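Printed here is upload-v9.txt (compact mmCIF, C-alpha atoms):
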# COMPACT_ATOMS: atom_id res chain seq x y z
CA MET V 18 0.00 0.00 0.00
CA SER V 19 1.68 3.15 -1.15
CA VAL V 20 0.75 6.66 -2.17
CA ILE V 21 2.53 8.75 -4.79
CA GLU V 22 2.39 12.52 -4.65
CA VAL V 23 3.61 14.42 -7.69
CA LYS V 24 4.20 18.04 -6.71
CA ASN V 25 4.66 20.82 -9.25
CA VAL V 26 6.87 18.71 -11.47
CA THR V 27 8.40 20.38 -14.52
CA LYS V 28 10.70 18.63 -16.97
CA ILE V 29 12.37 20.24 -19.95
CA TYR V 30 14.20 18.38 -22.72
CA GLY V 31 16.17 20.93 -24.76
CA LYS V 32 13.52 23.34 -25.94
CA THR V 33 10.58 21.04 -25.25
CA VAL V 34 8.62 21.35 -22.04
CA ALA V 35 7.71 17.71 -21.49
CA LEU V 36 5.87 18.36 -18.22
CA HIS V 37 4.73 21.72 -16.98
CA ASP V 38 3.95 22.17 -13.28
CA VAL V 39 2.09 18.87 -12.90
CA SER V 40 0.63 18.01 -9.50
CA LEU V 41 -1.45 14.96 -8.70
CA THR V 42 -1.77 12.10 -6.26
CA PHE V 43 -2.00 8.41 -7.03
CA LYS V 44 -3.89 6.83 -4.15
CA GLU V 45 -3.13 3.35 -2.89
CA ASN V 46 -4.68 0.18 -4.33
CA CYS V 47 -6.36 1.63 -7.36
CA ILE V 48 -6.04 0.95 -11.08
CA TYR V 49 -5.31 4.13 -12.97
CA GLY V 50 -5.44 4.77 -16.67
CA LEU V 51 -2.81 7.33 -17.68
CA LEU V 52 -4.00 8.68 -21.01
CA GLY V 53 -2.52 11.15 -23.41
CA ARG V 54 -1.63 11.53 -27.05
CA ASN V 55 1.82 10.75 -28.41
CA GLY V 56 4.35 13.09 -26.83
CA ALA V 57 1.92 14.33 -24.16
CA GLY V 58 4.37 13.51 -21.36
CA LYS V 59 3.03 10.21 -20.00
CA SER V 60 6.29 8.29 -20.15
CA THR V 61 8.21 11.29 -18.84
CA MET V 62 5.99 11.35 -15.79
CA LEU V 63 6.34 7.62 -15.16
CA ASN V 64 10.11 7.84 -15.68
CA ILE V 65 10.38 10.62 -13.13
CA ILE V 66 8.30 8.83 -10.52
CA SER V 67 10.27 5.61 -10.98
CA GLY V 68 13.62 7.40 -10.75
CA ARG V 69 14.69 6.89 -14.35
CA ALA V 70 14.65 10.63 -15.01
CA PHE V 71 14.89 13.68 -12.78
CA ALA V 72 12.50 16.60 -12.58
CA ASP V 73 13.91 20.06 -13.31
CA SER V 74 11.71 21.41 -10.57
CA GLY V 75 9.13 20.04 -8.21
CA GLU V 76 9.31 16.71 -6.43
CA VAL V 77 7.82 13.26 -6.14
CA LEU V 78 6.96 11.81 -2.73
CA ILE V 79 6.35 8.11 -2.19
CA ASP V 80 4.61 7.52 1.13
CA GLY V 81 5.66 11.02 2.14
CA VAL V 82 9.36 10.52 1.37
CA SER V 83 11.15 12.18 -1.51
CA ALA V 84 11.79 9.55 -4.16
CA LYS V 85 14.84 11.20 -5.65
CA GLY V 86 17.85 8.93 -5.15
CA ASN V 87 16.04 7.17 -2.31
CA ASP V 88 16.41 3.43 -2.85
CA SER V 89 13.84 2.34 -0.31
CA ALA V 90 11.21 4.64 -1.82
CA LEU V 91 12.10 3.58 -5.37
CA GLY V 92 12.01 -0.08 -4.32
CA LYS V 93 8.26 0.37 -3.94
CA VAL V 94 7.91 1.20 -7.63
CA HIS V 95 8.27 -1.08 -10.61
CA MET V 96 8.03 0.22 -14.13
CA MET V 97 7.35 -1.90 -17.15
CA GLY V 98 8.56 0.45 -19.84
CA GLU V 99 9.29 0.40 -23.50
CA GLN V 100 12.96 -0.36 -23.01
CA LEU V 101 14.28 -3.63 -21.74
CA LEU V 102 16.35 -2.72 -18.71
CA TYR V 103 17.95 -6.11 -18.41
CA ASN V 104 20.93 -7.52 -20.19
CA PRO V 105 19.53 -9.11 -23.37
CA ALA V 106 21.94 -12.03 -22.94
CA LEU V 107 19.98 -13.08 -19.83
CA LYS V 108 17.49 -15.88 -19.98
CA VAL V 109 13.89 -15.10 -19.03
CA LYS V 110 14.27 -16.89 -15.71
CA GLU V 111 17.50 -15.05 -14.99
CA MET V 112 15.69 -11.78 -15.54
CA PHE V 113 13.16 -12.82 -12.88
CA LYS V 114 16.03 -13.72 -10.58
CA THR V 115 17.62 -10.31 -11.10
CA ALA V 116 14.27 -8.61 -10.44
CA SER V 117 13.91 -10.53 -7.17
CA TRP V 118 17.09 -8.85 -5.85
CA PHE V 119 15.37 -5.48 -6.15
CA TYR V 120 11.89 -6.62 -5.20
CA PRO V 121 12.00 -8.90 -2.17
CA ASP V 122 8.33 -9.86 -2.63
CA PHE V 123 8.95 -11.15 -6.15
CA ASP V 124 6.85 -14.28 -6.65
CA MET V 125 8.90 -16.75 -8.71
CA ASP V 126 6.28 -19.55 -8.70
CA TYR V 127 3.66 -17.16 -9.99
CA ALA V 128 6.03 -15.86 -12.70
CA LEU V 129 6.84 -19.39 -13.91
CA ASN V 130 3.17 -20.32 -13.91
CA LEU V 131 2.41 -17.32 -16.08
CA CYS V 132 5.24 -18.28 -18.45
CA ASP V 133 3.59 -21.65 -18.76
CA GLU V 134 0.23 -20.08 -19.50
CA TYR V 135 1.70 -17.75 -22.14
CA LYS V 136 3.96 -20.52 -23.52
CA LEU V 137 6.96 -18.34 -22.80
CA GLU V 138 10.07 -20.50 -22.49
CA PRO V 139 11.90 -19.48 -19.26
CA LYS V 140 15.21 -20.78 -20.63
CA LYS V 141 15.08 -18.59 -23.72
CA LYS V 142 17.41 -15.59 -23.95
CA LEU V 143 15.73 -12.19 -23.88
CA ALA V 144 17.52 -11.22 -27.10
CA LYS V 145 15.94 -14.18 -28.90
CA LEU V 146 12.35 -13.26 -28.07
CA SER V 147 9.97 -11.79 -30.65
CA THR V 148 8.55 -8.30 -30.03
CA GLY V 149 5.34 -9.77 -28.63
CA TYR V 150 7.10 -12.23 -26.36
CA ARG V 151 9.50 -9.56 -25.12
CA THR V 152 6.42 -7.57 -24.04
CA ILE V 153 4.99 -10.67 -22.38
CA ALA V 154 8.26 -11.32 -20.51
CA LYS V 155 8.25 -7.75 -19.21
CA ALA V 156 4.57 -7.96 -18.27
CA VAL V 157 5.07 -11.21 -16.35
CA ASN V 158 8.04 -9.63 -14.57
CA ALA V 159 5.87 -6.64 -13.62
CA LEU V 160 2.89 -8.71 -12.44
CA ALA V 161 5.13 -10.95 -10.34
CA CYS V 162 7.38 -8.27 -8.84
CA GLY V 163 5.27 -7.68 -5.74
CA ALA V 164 5.94 -3.93 -5.60
CA PRO V 165 3.07 -1.85 -4.17
CA ILE V 166 3.21 0.47 -7.19
CA VAL V 167 3.50 -0.91 -10.72
CA PHE V 168 3.56 1.13 -13.91
CA PHE V 169 2.60 -0.47 -17.18
CA ASP V 170 3.74 1.72 -20.05
CA GLU V 171 2.10 0.32 -23.21
CA PRO V 172 1.82 -3.18 -21.71
CA VAL V 173 0.20 -4.77 -24.77
CA LEU V 174 2.52 -3.40 -27.45
CA GLY V 175 2.90 -5.99 -30.21
CA LEU V 176 0.57 -8.52 -28.57
CA ASP V 177 -2.09 -10.35 -30.55
CA ALA V 178 -5.74 -10.13 -29.44
CA ASN V 179 -5.58 -13.38 -27.43
CA HIS V 180 -2.47 -12.36 -25.55
CA ARG V 181 -3.88 -8.90 -24.85
CA ASP V 182 -7.00 -10.45 -23.43
CA MET V 183 -4.91 -12.82 -21.30
CA PHE V 184 -2.91 -9.91 -19.97
CA TYR V 185 -6.04 -7.96 -18.93
CA LYS V 186 -7.40 -11.04 -17.20
CA GLN V 187 -4.13 -11.76 -15.39
CA LEU V 188 -3.86 -8.15 -14.30
CA ILE V 189 -7.30 -8.20 -12.70
CA LYS V 190 -6.68 -11.60 -11.09
CA ARG V 191 -3.38 -10.44 -9.66
CA TYR V 192 -4.95 -7.19 -8.46
CA ASN V 193 -7.68 -9.15 -6.67
CA GLU V 194 -5.15 -11.42 -4.99
CA ARG V 195 -2.59 -8.76 -4.16
CA PRO V 196 -4.02 -5.25 -4.33
CA ALA V 197 -1.50 -2.62 -5.43
CA THR V 198 -1.49 0.64 -7.32
CA TYR V 199 -1.40 -0.04 -11.03
CA VAL V 200 -0.93 2.76 -13.52
CA ILE V 201 -1.63 1.67 -17.08
CA SER V 202 -0.61 3.91 -19.93
CA THR V 203 -2.09 2.75 -23.21
CA HIS V 204 -3.41 3.96 -26.54
CA LEU V 205 -5.88 1.07 -26.70
CA ILE V 206 -8.29 2.93 -24.45
CA GLU V 207 -11.50 1.04 -25.06
CA GLU V 208 -9.82 -2.31 -24.50
CA ALA V 209 -8.56 -1.25 -21.10
CA ALA V 210 -11.54 0.96 -20.18
CA GLY V 211 -13.19 -1.66 -17.99
CA LEU V 212 -10.04 -2.19 -15.92
CA ILE V 213 -9.60 1.45 -15.07
CA GLU V 214 -11.04 2.89 -11.89
CA ARG V 215 -9.62 6.34 -12.29
CA ALA V 216 -8.47 8.19 -15.42
CA VAL V 217 -5.65 10.73 -15.58
CA VAL V 218 -5.38 12.64 -18.85
CA ILE V 219 -2.28 14.61 -19.82
CA LYS V 220 -2.25 17.05 -22.69
CA GLU V 221 0.87 18.85 -23.90
CA GLY V 222 2.70 18.32 -20.62
CA GLN V 223 -0.16 19.50 -18.44
CA LEU V 224 -2.70 17.69 -16.31
CA LEU V 225 -6.06 17.96 -18.05
CA LEU V 226 -8.16 15.60 -15.95
CA ASP V 227 -8.01 13.34 -12.90
CA LYS V 228 -11.39 11.72 -12.31
CA GLU V 229 -13.22 8.45 -11.66
CA ALA V 230 -13.62 6.64 -14.99
CA ASP V 231 -17.41 6.58 -14.61
CA GLU V 232 -17.44 10.33 -14.09
CA VAL V 233 -15.37 10.83 -17.24
CA ARG V 234 -17.88 8.79 -19.24
CA SER V 235 -20.68 11.06 -18.09
CA MET V 236 -18.81 14.22 -19.10
CA GLY V 237 -20.43 14.35 -22.50
CA TYR V 238 -22.88 12.93 -25.00
CA SER V 239 -23.41 13.05 -28.73
CA VAL V 240 -26.44 14.29 -30.62
CA SER V 241 -27.09 13.46 -34.27
CA GLY V 242 -29.62 14.46 -36.84
CA LYS V 243 -30.23 17.05 -39.57
CA ALA V 244 -27.42 19.60 -39.45
CA GLU V 245 -29.67 22.64 -38.84
CA ASP V 246 -31.59 20.85 -36.06
CA VAL V 247 -28.34 19.80 -34.39
CA ASP V 248 -26.99 23.35 -34.68
CA SER V 249 -30.04 24.93 -33.12
CA PHE V 250 -30.01 22.36 -30.31
CA ALA V 251 -26.29 22.83 -29.66
CA LYS V 252 -26.11 26.60 -30.00
CA ASP V 253 -26.26 27.40 -26.28
CA LYS V 254 -24.20 24.35 -25.27
CA GLU V 255 -20.50 23.70 -24.89
CA LEU V 256 -19.18 21.74 -27.86
CA MET V 257 -16.30 19.26 -27.72
CA GLY V 258 -16.37 18.63 -31.45
CA GLU V 259 -18.52 17.70 -34.39
CA ASP V 260 -18.65 15.39 -37.40
CA VAL V 261 -20.50 16.30 -40.59
CA LEU V 262 -21.69 13.88 -43.26
CA GLY V 263 -23.67 15.58 -46.03
CA GLY V 264 -26.72 17.11 -44.36
CA LEU V 265 -26.19 15.05 -41.21
CA LYS V 266 -24.31 16.21 -38.22
CA THR V 267 -23.13 14.71 -34.95
CA ALA V 268 -22.26 17.17 -32.21
CA TYR V 269 -20.26 16.12 -29.15
CA ILE V 270 -21.54 18.14 -26.25
CA LYS V 271 -20.18 18.63 -22.74
CA GLY V 272 -22.40 17.91 -19.79
CA SER V 273 -25.31 15.56 -19.38
CA LEU V 274 -28.51 15.48 -21.35
CA GLU V 275 -31.90 16.12 -19.79
CA ALA V 276 -34.09 13.55 -21.52
CA ALA V 277 -36.96 16.01 -21.85
CA GLU V 278 -35.03 18.63 -23.79
CA LEU V 279 -34.16 16.51 -26.85
CA PRO V 280 -36.26 17.70 -29.80
CA GLU V 281 -38.07 15.33 -32.17
CA GLY V 282 -35.84 14.03 -34.96
CA LEU V 283 -32.59 14.15 -33.01
CA SER V 284 -31.01 11.15 -31.36
CA ALA V 285 -28.65 11.23 -28.42
CA GLU V 286 -26.06 8.72 -27.26
CA PRO V 287 -23.67 8.52 -24.36
CA MET V 288 -19.97 8.68 -25.23
CA ASN V 289 -17.42 6.05 -24.28
CA LEU V 290 -14.09 6.75 -22.62
CA GLN V 291 -12.20 6.72 -25.91
CA ASN V 292 -14.58 9.17 -27.58
CA ILE V 293 -14.39 11.57 -24.66
CA PHE V 294 -10.61 11.27 -24.73
CA ILE V 295 -10.39 12.00 -28.45
CA HIS V 296 -12.50 15.12 -28.19
CA LEU V 297 -10.78 16.40 -25.06
CA THR V 298 -7.32 16.04 -26.53
CA ASN V 299 -7.91 17.20 -30.10
CA SER V 300 -5.97 20.39 -30.51
CA MET P 2 -20.46 -14.39 -23.49
CA ALA P 3 -21.48 -11.00 -22.21
CA ASN P 4 -19.14 -8.18 -23.02
CA PHE P 5 -19.25 -5.06 -20.93
CA ASP P 6 -18.18 -2.59 -23.59
CA GLY P 7 -21.41 -0.82 -24.45
CA GLU P 8 -21.86 2.82 -23.70
CA LYS P 9 -23.86 2.39 -20.51
CA PRO P 10 -21.81 2.57 -17.31
CA ILE P 11 -20.14 -0.81 -16.78
CA TYR P 12 -21.56 -1.32 -13.29
CA ILE P 13 -25.09 -0.96 -14.66
CA GLN P 14 -24.34 -3.44 -17.45
CA MET P 15 -23.03 -5.82 -14.83
CA ALA P 16 -26.13 -5.50 -12.67
CA GLU P 17 -28.27 -6.13 -15.75
CA TRP P 18 -26.18 -9.17 -16.63
CA ILE P 19 -26.84 -10.70 -13.21
CA GLU P 20 -30.58 -9.90 -13.50
CA GLU P 21 -30.65 -11.50 -16.94
CA ASN P 22 -29.11 -14.66 -15.50
CA ILE P 23 -31.65 -14.72 -12.68
CA LEU P 24 -34.50 -14.34 -15.18
CA THR P 25 -33.26 -17.15 -17.40
CA GLY P 26 -32.67 -19.45 -14.45
CA VAL P 27 -28.87 -19.54 -14.65
CA PHE P 28 -28.79 -18.21 -11.08
CA PRO P 29 -31.85 -19.71 -9.34
CA GLU P 30 -33.30 -18.15 -6.20
CA GLU P 31 -31.52 -18.97 -2.92
CA THR P 32 -28.38 -20.09 -4.75
CA GLN P 33 -24.99 -18.45 -4.74
CA ILE P 34 -23.87 -16.18 -7.55
CA PRO P 35 -20.20 -15.77 -8.56
CA SER P 36 -18.15 -13.44 -6.36
CA THR P 37 -17.16 -9.97 -7.55
CA THR P 38 -13.60 -11.27 -7.73
CA GLU P 39 -14.62 -14.03 -10.12
CA ILE P 40 -16.82 -11.73 -12.20
CA SER P 41 -14.14 -9.05 -12.44
CA ALA P 42 -11.50 -11.53 -13.66
CA MET P 43 -13.89 -13.19 -16.07
CA TYR P 44 -14.99 -9.96 -17.70
CA ARG P 45 -11.77 -7.98 -17.19
CA ILE P 46 -13.45 -5.27 -15.19
CA ASN P 47 -12.22 -3.40 -12.17
CA PRO P 48 -13.31 -5.15 -8.95
CA ALA P 49 -14.54 -1.81 -7.55
CA THR P 50 -16.85 -1.52 -10.56
CA ALA P 51 -18.09 -5.08 -10.10
CA LEU P 52 -18.80 -4.34 -6.45
CA LYS P 53 -20.76 -1.22 -7.43
CA GLY P 54 -22.92 -3.32 -9.76
CA VAL P 55 -23.54 -5.92 -7.09
CA ASN P 56 -24.43 -3.25 -4.54
CA ILE P 57 -27.19 -1.89 -6.78
CA LEU P 58 -28.83 -5.32 -6.66
CA VAL P 59 -28.31 -5.62 -2.90
CA ASP P 60 -30.03 -2.26 -2.44
CA LYS P 61 -32.92 -3.43 -4.62
CA GLY P 62 -33.23 -6.62 -2.54
CA ILE P 63 -32.54 -8.85 -5.53
CA ILE P 64 -29.47 -10.43 -3.98
CA TYR P 65 -28.25 -10.55 -0.40
CA LYS P 66 -25.01 -11.18 1.45
CA LYS P 67 -24.53 -14.25 3.59
CA ARG P 68 -21.73 -13.42 5.94
CA GLY P 69 -18.60 -15.39 5.15
CA LEU P 70 -20.26 -17.26 2.30
CA GLY P 71 -20.97 -14.83 -0.50
CA MET P 72 -23.87 -13.39 -2.45
CA PHE P 73 -27.17 -15.23 -2.87
CA VAL P 74 -30.25 -14.63 -5.00
CA SER P 75 -33.21 -13.51 -2.83
CA SER P 76 -36.42 -15.46 -3.01
CA GLY P 77 -38.92 -13.51 -5.09
CA ALA P 78 -36.06 -11.91 -7.07
CA GLU P 79 -37.24 -13.31 -10.38
CA GLN P 80 -40.72 -11.89 -9.99
CA LYS P 81 -39.34 -8.54 -8.91
CA ILE P 82 -37.11 -8.31 -11.97
CA ARG P 83 -39.91 -9.41 -14.26
CA GLY P 84 -42.20 -6.69 -12.89
CA GLU P 85 -39.52 -4.08 -13.37
CA ARG P 86 -38.75 -5.25 -16.89
CA LYS P 87 -42.46 -5.09 -17.80
CA GLN P 88 -42.52 -1.45 -16.85
CA GLU P 89 -39.35 -0.92 -18.88
CA PHE P 90 -40.88 -2.82 -21.77
CA PHE P 91 -43.64 -0.22 -21.98
CA GLU P 92 -41.24 2.71 -21.74
CA LYS P 93 -38.63 1.33 -24.10
CA TYR P 94 -40.53 -0.65 -26.72
CA VAL P 95 -44.20 0.34 -26.70
CA LYS P 96 -43.56 4.07 -26.68
CA ALA P 97 -40.91 3.73 -29.41
CA LEU P 98 -43.22 1.52 -31.44
CA VAL P 99 -46.07 4.01 -31.24
CA SER P 100 -43.90 6.96 -32.22
CA GLU P 101 -42.33 5.04 -35.15
CA ALA P 102 -45.85 3.97 -36.25
CA GLN P 103 -46.98 7.61 -36.22
CA LYS P 104 -44.01 8.53 -38.41
CA LEU P 105 -45.09 5.84 -40.91
CA GLN P 106 -48.77 6.81 -40.55
CA ILE P 107 -49.76 3.38 -39.28
CA SER P 108 -53.14 3.55 -37.51
CA LYS P 109 -53.83 2.22 -34.03
CA ASN P 110 -55.92 -0.61 -35.47
CA GLU P 111 -53.18 -1.55 -37.90
CA ILE P 112 -50.67 -1.70 -35.03
CA ILE P 113 -52.97 -3.99 -33.08
CA THR P 114 -53.44 -6.28 -36.10
CA MET P 115 -49.69 -6.39 -36.62
CA ILE P 116 -49.04 -7.25 -32.97
CA GLU P 117 -51.63 -10.01 -33.11
CA LYS P 118 -50.00 -11.37 -36.24
CA GLY P 119 -46.58 -11.24 -34.55
CA CYS P 120 -47.90 -13.09 -31.51
CA ASP P 121 -49.58 -15.77 -33.67
CA ASN P 122 -46.42 -16.30 -35.70
CA ASN P 123 -44.39 -16.77 -32.55
CA GLU P 124 -46.86 -19.28 -31.15
CA ARG P 125 -46.72 -21.33 -34.33
CA ASP P 126 -42.89 -21.49 -34.31

Please rewrite the model in this file as structure tokens.
Amino acid sequence: MSVIEVKNVTKIYGKTVALHDVSLTFKENCIYGLLGRNGAGKSTMLNIISGRAFADSGEVLIDGVSAKGNDSALGKVHMMGEQLLYNPALKVKEMFKTASWFYPDFDMDYALNLCDEYKLEPKKKLAKLSTGYRTIAKAVNALACGAPIVFFDEPVLGLDANHRDMFYKQLIKRYNERPATYVISTHLIEEAAGLIERAVVIKEGQLLLDKEADEVRSMGYSVSGKAEDVDSFAKDKELMGEDVLGGLKTAYIKGSLEAAELPEGLSAEPMNLQNIFIHLTNS
Amino acid sequence: MANFDGEKPIYIQMAEWIEENILTGVFPEETQIPSTTEISAMYRINPATALKGVNILVDKGIIYKKRGLGMFVSSGAEQKIRGERKQEFFEKYVKALVSEAQKLQISKNEIITMIEKGCDNNERD
């Protein structure tokens, strides 16, 4: 059980402001979705929290202690990132062994069981794995590590539909057995939507949203029909975006719809997490 | 298999899924239903969401907790759900049917004849 506090973190790479004065708290034992477009600053944030990069200003506290250079604080965080941080000459099982030096609660039996389920050969060298299996090896390592905070940065990259589904199932099973804080950063939003309890959205290095996933879903709705009818309905409402097809129009509107106010000939639908995300982060 | 990816909130879809299974006899009255842990793993949904769905049904008296054992279907649950669904049936289908019929200029008598025909066809099948 651990809490992460990100306080006024700014990170600049050359001329690019990757994160600008971001503050938020990740509470304990909750599954977060960290969402943002390419280059929004998601990985930068996870790298800073897990000690792989340093903030130019601001700080990160893990259970109230500054994480910077603090091994015991950083030992509470595991990050499954894009890069393989282990020597590629290692065998899969040796990678687990190495991880268990850093994470004393690493569960080797569980890891080997998962390998079996995924048909991942524990004696195979990391360098010899396909893209998909390299992702699986990293995911198994992350699920088994036993850290109270685990980051999954694009955990299903290169996985086929069956393996993605297996990963989501394993993640929920593991979470049920051993609650921890999971932060999942993914572009496959609808696939992961059901797993997520709370959504954090980053746009251009800034925090745009930090809300319960159900609340995010109720942030907007869409209304379709004849373009002029849609326009007159939407004119005094806050628009997130619109799609036009000939004389038809769909408007994406912020807020919730009062059933009584929808005029004849227009149809309304709730928006899913991915739709809301797209319209919030369109520049 | 059910798939909780529609646009309704997931916890509502989950509650409806349990109700559906009670109606069709998959979960008979006074028997145990799967735990939120099992449901969440099976459908890849957050356990907090699953719990929220289950709690709706507990509040409605459709299921109840047996301490240390799990969740059970209340007796009378099936009838309760059926009654509720009948009300919904009117709101969701009958009202929509009438308004669509008006659009197509189908008279009240024609609707009734069509419904009778539909019922007869179903009985013959």

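Excluding Gly175 (chain V) itself and same-chain residues fewer than 3 positions from it, the residues having an atom within 12 Å of it are Glu99, Ser147, Thr148, Gly149, Tyr150, Arg151, Thr152, Ile153, Glu171, Pro172, Ala178, Asn179, His180, Arg181 and Leu205 of chain V, counting all atoms listed in the file.
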
Take the selection from the previous step and output its residues with C-alpha atoms, as an mmCIF file, keeping the file's coordinate frame.
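Full text of selection.cif as output:
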data_model
loop_
_atom_site.group_PDB
_atom_site.id
_atom_site.type_symbol
_atom_site.label_atom_id
_atom_site.label_comp_id
_atom_site.auth_asym_id
_atom_site.auth_seq_id
_atom_site.Cartn_x
_atom_site.Cartn_y
_atom_site.Cartn_z
ATOM 1 C CA GLU V 99 9.290 0.400 -23.500
ATOM 2 C CA SER V 147 9.970 -11.790 -30.650
ATOM 3 C CA THR V 148 8.550 -8.300 -30.030
ATOM 4 C CA GLY V 149 5.340 -9.770 -28.630
ATOM 5 C CA TYR V 150 7.100 -12.230 -26.360
ATOM 6 C CA ARG V 151 9.500 -9.560 -25.120
ATOM 7 C CA THR V 152 6.420 -7.570 -24.040
ATOM 8 C CA ILE V 153 4.990 -10.670 -22.380
ATOM 9 C CA GLU V 171 2.100 0.320 -23.210
ATOM 10 C CA PRO V 172 1.820 -3.180 -21.710
ATOM 11 C CA ALA V 178 -5.740 -10.130 -29.440
ATOM 12 C CA ASN V 179 -5.580 -13.380 -27.430
ATOM 13 C CA HIS V 180 -2.470 -12.360 -25.550
ATOM 14 C CA ARG V 181 -3.880 -8.900 -24.850
ATOM 15 C CA LEU V 205 -5.880 1.070 -26.700
#

May I have the protein, DNA and RNA residues with any atom at most 7 Å from the point (-21.4, 21.1, -31.0), counting all atoms listed in the file, written as a PyMOL selection string? chain V and resi 251+255-259+268-270

Using the selection just defined, write its residues with C-alpha atoms as a compact mmCIF listing (two decimals), in the coordinates of the input.
# COMPACT_ATOMS: atom_id res chain seq x y z
CA ALA V 251 -26.29 22.83 -29.66
CA GLU V 255 -20.50 23.70 -24.89
CA LEU V 256 -19.18 21.74 -27.86
CA MET V 257 -16.30 19.26 -27.72
CA GLY V 258 -16.37 18.63 -31.45
CA GLU V 259 -18.52 17.70 -34.39
CA ALA V 268 -22.26 17.17 -32.21
CA TYR V 269 -20.26 16.12 -29.15
CA ILE V 270 -21.54 18.14 -26.25

What are the nearest atom pairs, with distances in Å to one decimal, for all residues of chain P that come at most 10 Å from chain V, using all atoms listed in the file, set out by chain and rising residue number as a tab-separated table?
residue	atom	partner	partner_atom	distance
P:Phe5	CA	V:Gly211	CA	7.5
P:Asp6	CA	V:Gly211	CA	7.6
P:Gly7	CA	V:Asn289	CA	7.9
P:Glu8	CA	V:Asn289	CA	5.5
P:Lys9	CA	V:Pro287	CA	7.2
P:Pro10	CA	V:Asp231	CA	6.5
P:Ile11	CA	V:Gly211	CA	7.1
P:Tyr12	CA	V:Asp231	CA	9.0
P:Thr37	CA	V:Asn193	CA	9.6
P:Thr38	CA	V:Asn193	CA	6.4
P:Glu39	CA	V:Lys190	CA	8.4
P:Ser41	CA	V:Ile189	CA	6.9
P:Ala42	CA	V:Lys186	CA	5.4
P:Met43	CA	V:Lys186	CA	6.9
P:Tyr44	CA	V:Lys186	CA	7.7
P:Arg45	CA	V:Lys186	CA	5.3
P:Ile46	CA	V:Gly211	CA	4.6
P:Asn47	CA	V:Leu212	CA	4.5
P:Pro48	CA	V:Asn193	CA	7.3
P:Ala49	CA	V:Glu214	CA	7.3
P:Thr50	CA	V:Glu214	CA	7.4
P:Ala51	CA	V:Gly211	CA	9.9

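Across the structure, CA of Ala78 (chain P) and CA of Gly54 (chain P) are spaced 15.9 Å apart.
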
Please report the interatomic distance between CA of Ser19 (chain V) and CA of Pro165 (chain V) in Å with one decimal.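 Taking CA of Ser19 (chain V) as the start and CA of Pro165 (chain V) as the end point, the length is 6.0 Å.
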
Could you state the separation of CA of Thr27 (chain V) and CA of Tyr49 (chain V) in Å, given to one decimal place? 21.3 Å

List the neighbours of Asn56 (chain P) out to 12 Å using all atoms listed in the file; skip same-chain residues closer than 2 positions along the sequence, and give me the result as a list in words. Tyr12, Ile13, Met15, Ala16, Ile19, Thr37, Ala49, Thr50, Ala51, Leu52, Lys53, Gly54, Leu58, Val59, Asp60, Lys61, Gly62, Ile63, Ile64, Tyr65, Lys66 and Met72 of chain P

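Look at Val217 (chain V): the protein and nucleic acid residues within 10 Å of it, using only C-alpha atoms and passing over chain neighbours fewer than 4 places away, are V:Leu41, V:Phe43, V:Tyr49, V:Gly50, V:Leu51, V:Leu52, V:Gly53, V:Lys59, V:Val200, V:Ser202, V:Leu224, V:Leu225, V:Leu226, V:Asp227, V:Lys228, V:Glu229, V:Ala230, V:Val233.
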
I'd like the contact shell of Phe168 (chain V) - 6 Å cut-off, all atoms listed in the file, skipping same-chain residues fewer than 3 positions apart - returned as a list in words.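 Using all atoms listed in the file, the neighbours found are Met96, Met97, Tyr199 and Val200 of chain V.
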
Counting only C-alpha atoms, what is within 12 Å of Leu70 (chain P), bar same-chain residues fewer than 6 positions away, as a count of residues only? 5

For Pro29 (chain P), which of P:Lys104, P:Lys67, P:Glu17, P:Glu79 is the closest residue, counting all atoms listed in the file? P:Glu79

Calculated over all atoms listed in the file, which of the candidates V:Thr61, V:Ser89, V:Ser40, V:Asn25 has the smallest distance to Ser74 (chain V)? V:Asn25
